[in-house]
Amino acid sequence: MSMPLCPNCHSANVHIKPIATRTCEGIGAVTGGIAAAKAGTAGAAIGTAICPGVGTAIGGITGIVAGFFTGALSGAAVGRAIDRKIVQAFHCNDCGYDFAA
């Protein structure tokens with residue numbers, strides 16, 4: 001998809017506003033955080049098998065962080081696709097004008 005020109009100043013220096021990206025990223029992070037509880041339990045079990053005590057804590061924390069970031073990254077990817085294909089809201093970096101394609 002090529003970027004449109006700004007209708008205000010006719011500049012090509014525009015970018016897509018990340019409206020859906022940020023929204024879906026937040027939703028994905030919350031969903032990932034909920035799933036992280038299970039990932040933390042699994043990580044703690046693996047950590048306990050490798051090194052009881054320290055491994056349990058490290059495995060649990062790693063599972064929680066991985067679940068949270070996986071959800072956020074997945075949500076952001078979906079949001080970027082929505083921004084590009086559906087929302088199509090743009091911002092001109094030269095004059096600051098916001099517009100839709």
# chains A, B, ... in the order shown; residues from 1 in each chain; ligands from 1

call {"tool": "residues_around", "arguments": {"residues": "segment 79-82 of chain A", "least_positions_apart": "6", "cutoff": "8 Å", "atoms": "only C-alpha atoms", "output": "compact mmCIF listing (two decimals) with C-alpha atoms, in the first residue's frame"}}
result
# COMPACT_ATOMS: atom_id res chain seq x y z
CA PRO A 18 -1.69 3.40 15.16
CA ILE A 19 -5.27 3.53 16.48
CA ALA A 20 -6.14 -0.16 16.19
CA THR A 21 -2.53 -1.21 16.82
CA ARG A 22 -2.51 0.30 20.32
CA THR A 23 -6.01 -0.94 21.13
CA CYS A 24 -5.33 -4.51 20.01
CA GLU A 25 -1.92 -4.45 21.69

call {"tool": "residues_around", "arguments": {"residues": "His10 of chain A", "least_positions_apart": "3", "cutoff": "12 Å", "atoms": "only C-alpha atoms", "output": "VMD selection string"}}
result
chain A and resid 3 to 7 13 to 14 92 to 97

call {"tool": "closest_residue", "arguments": {"among": "A:Ala77, A:Phe99, A:Gly43, A:Ala49", "to": "Thr62 of chain A", "atoms": "only C-alpha atoms"}}
result
A:Gly43

call {"tool": "residues_around", "arguments": {"residues": "segment 26-41 of chain A", "least_positions_apart": "5", "cutoff": "8 Å", "atoms": "only C-alpha atoms", "output": "PyMOL selection string"}}
result
chain A and resi 59-76

call {"tool": "write_last_selection", "arguments": {"atoms": "N, CA and C atoms", "output": "PDB file, in the first residue's frame"}}
result
ATOM      1  N   GLY A  59      11.611 -20.040  36.382  1.00  0.00           N
ATOM      2  CA  GLY A  59      10.681 -20.622  35.415  1.00  0.00           C
ATOM      3  C   GLY A  59       9.316 -19.979  35.465  1.00  0.00           C
ATOM      4  N   GLY A  60       8.817 -19.702  36.662  1.00  0.00           N
ATOM      5  CA  GLY A  60       7.512 -19.052  36.806  1.00  0.00           C
ATOM      6  C   GLY A  60       7.507 -17.644  36.240  1.00  0.00           C
ATOM      7  N   ILE A  61       8.541 -16.875  36.570  1.00  0.00           N
ATOM      8  CA  ILE A  61       8.634 -15.499  36.056  1.00  0.00           C
ATOM      9  C   ILE A  61       8.792 -15.493  34.538  1.00  0.00           C
ATOM     10  N   THR A  62       9.618 -16.381  34.017  1.00  0.00           N
ATOM     11  CA  THR A  62       9.817 -16.462  32.565  1.00  0.00           C
ATOM     12  C   THR A  62       8.516 -16.807  31.857  1.00  0.00           C
ATOM     13  N   GLY A  63       7.747 -17.728  32.404  1.00  0.00           N
ATOM     14  CA  GLY A  63       6.466 -18.098  31.811  1.00  0.00           C
ATOM     15  C   GLY A  63       5.486 -16.940  31.791  1.00  0.00           C
ATOM     16  N   ILE A  64       5.436 -16.181  32.875  1.00  0.00           N
ATOM     17  CA  ILE A  64       4.525 -15.035  32.953  1.00  0.00           C
ATOM     18  C   ILE A  64       4.921 -13.960  31.949  1.00  0.00           C
ATOM     19  N   VAL A  65       6.200 -13.615  31.899  1.00  0.00           N
ATOM     20  CA  VAL A  65       6.676 -12.582  30.967  1.00  0.00           C
ATOM     21  C   VAL A  65       6.450 -13.018  29.520  1.00  0.00           C
ATOM     22  N   ALA A  66       6.735 -14.281  29.224  1.00  0.00           N
ATOM     23  CA  ALA A  66       6.541 -14.782  27.859  1.00  0.00           C
ATOM     24  C   ALA A  66       5.074 -14.720  27.453  1.00  0.00           C
ATOM     25  N   GLY A  67       4.177 -15.073  28.345  1.00  0.00           N
ATOM     26  CA  GLY A  67       2.744 -15.015  28.040  1.00  0.00           C
ATOM     27  C   GLY A  67       2.273 -13.593  27.797  1.00  0.00           C
ATOM     28  N   PHE A  68       2.732 -12.662  28.624  1.00  0.00           N
ATOM     29  CA  PHE A  68       2.345 -11.260  28.486  1.00  0.00           C
ATOM     30  C   PHE A  68       2.831 -10.688  27.154  1.00  0.00           C
ATOM     31  N   PHE A  69       4.110 -10.874  26.842  1.00  0.00           N
ATOM     32  CA  PHE A  69       4.667 -10.295  25.617  1.00  0.00           C
ATOM     33  C   PHE A  69       4.152 -10.979  24.358  1.00  0.00           C
ATOM     34  N   THR A  70       3.906 -12.268  24.428  1.00  0.00           N
ATOM     35  CA  THR A  70       3.335 -12.956  23.267  1.00  0.00           C
ATOM     36  C   THR A  70       1.956 -12.394  22.948  1.00  0.00           C
ATOM     37  N   GLY A  71       1.149 -12.167  23.965  1.00  0.00           N
ATOM     38  CA  GLY A  71      -0.172 -11.580  23.764  1.00  0.00           C
ATOM     39  C   GLY A  71      -0.097 -10.170  23.202  1.00  0.00           C
ATOM     40  N   ALA A  72       0.806  -9.363  23.747  1.00  0.00           N
ATOM     41  CA  ALA A  72       0.946  -7.977  23.279  1.00  0.00           C
ATOM     42  C   ALA A  72       1.432  -7.927  21.834  1.00  0.00           C
ATOM     43  N   LEU A  73       2.413  -8.752  21.490  1.00  0.00           N
ATOM     44  CA  LEU A  73       2.940  -8.755  20.116  1.00  0.00           C
ATOM     45  C   LEU A  73       1.912  -9.280  19.122  1.00  0.00           C
ATOM     46  N   SER A  74       1.179 -10.306  19.504  1.00  0.00           N
ATOM     47  CA  SER A  74       0.134 -10.837  18.626  1.00  0.00           C
ATOM     48  C   SER A  74      -0.966  -9.799  18.414  1.00  0.00           C
ATOM     49  N   GLY A  75      -1.373  -9.135  19.479  1.00  0.00           N
ATOM     50  CA  GLY A  75      -2.395  -8.093  19.373  1.00  0.00           C
ATOM     51  C   GLY A  75      -1.935  -6.934  18.509  1.00  0.00           C
ATOM     52  N   ALA A  76      -0.673  -6.541  18.647  1.00  0.00           N
ATOM     53  CA  ALA A  76      -0.139  -5.441  17.839  1.00  0.00           C
ATOM     54  C   ALA A  76      -0.122  -5.803  16.355  1.00  0.00           C
TER      55      ALA A  76
END

call {"tool": "select_by_dssp", "arguments": {"residues": "segment 53-99 of chain A", "states": "strand (DSSP E)", "output": "PyMOL selection string"}}
result
chain A and resi 89-92+98-99

call {"tool": "closest_residue", "arguments": {"among": "A:Ala42, A:Ile16, A:Ile58, A:Val78", "to": "Ala100 of chain A", "atoms": "only C-alpha atoms"}}
result
A:Ile16

call {"tool": "atom_distance", "arguments": {"atom1": "atom CA of Ser11 of chain A", "atom2": "atom CA of Arg84 of chain A"}}
result
19.3 Å

call {"tool": "atom_distance", "arguments": {"atom1": "atom CA of Ala12 of chain A", "atom2": "atom CA of Ile86 of chain A"}}
result
20.6 Å

call {"tool": "atom_distance", "arguments": {"atom1": "atom CA of Lys17 of chain A", "atom2": "atom CA of His91 of chain A"}}
result
6.2 Å

call {"tool": "decode", "arguments": {"residues": "segment 22-38 of chain A", "atoms": "N, CA and C atoms", "output": "CSV table (one decimal), in the first residue's frame"}}
result
chain,number,residue,atom,x,y,z
A,22,ARG,N,-2.6,0.1,18.9
A,22,ARG,CA,-2.5,0.3,20.3
A,22,ARG,C,-3.7,-0.4,21.1
A,23,THR,N,-4.8,-0.3,20.5
A,23,THR,CA,-6.0,-0.9,21.1
A,23,THR,C,-5.8,-2.5,21.2
A,24,CYS,N,-5.5,-3.1,20.1
A,24,CYS,CA,-5.3,-4.5,20.0
A,24,CYS,C,-4.1,-5.0,20.8
A,25,GLU,N,-3.1,-4.1,20.9
A,25,GLU,CA,-1.9,-4.5,21.7
A,25,GLU,C,-2.3,-4.5,23.2
A,26,GLY,N,-3.1,-3.6,23.6
A,26,GLY,CA,-3.6,-3.6,25.0
A,26,GLY,C,-4.5,-4.8,25.3
A,27,ILE,N,-5.4,-5.1,24.4
A,27,ILE,CA,-6.2,-6.3,24.5
A,27,ILE,C,-5.4,-7.6,24.5
A,28,GLY,N,-4.4,-7.6,23.6
A,28,GLY,CA,-3.5,-8.8,23.6
A,28,GLY,C,-2.7,-9.0,24.9
A,29,ALA,N,-2.3,-7.8,25.4
A,29,ALA,CA,-1.5,-7.9,26.7
A,29,ALA,C,-2.3,-8.4,27.8
A,30,VAL,N,-3.6,-7.9,27.9
A,30,VAL,CA,-4.5,-8.4,29.0
A,30,VAL,C,-4.7,-9.9,28.8
A,31,THR,N,-5.0,-10.3,27.6
A,31,THR,CA,-5.3,-11.7,27.3
A,31,THR,C,-4.1,-12.6,27.6
A,32,GLY,N,-2.9,-12.0,27.1
A,32,GLY,CA,-1.6,-12.7,27.4
A,32,GLY,C,-1.4,-12.8,28.9
A,33,GLY,N,-1.7,-11.8,29.6
A,33,GLY,CA,-1.5,-11.8,31.1
A,33,GLY,C,-2.4,-12.8,31.7
A,34,ILE,N,-3.6,-13.0,31.3
A,34,ILE,CA,-4.5,-14.1,31.8
A,34,ILE,C,-3.9,-15.4,31.5
A,35,ALA,N,-3.4,-15.6,30.2
A,35,ALA,CA,-2.8,-16.9,29.8
A,35,ALA,C,-1.5,-17.1,30.5
A,36,ALA,N,-0.9,-16.0,31.0
A,36,ALA,CA,0.4,-16.1,31.6
A,36,ALA,C,0.4,-16.8,32.9
A,37,ALA,N,-0.8,-16.8,33.6
A,37,ALA,CA,-0.9,-17.6,34.8
A,37,ALA,C,-0.6,-19.1,34.6
A,38,LYS,N,-1.2,-19.6,33.5
A,38,LYS,CA,-0.9,-21.0,33.1
A,38,LYS,C,0.5,-21.2,32.7
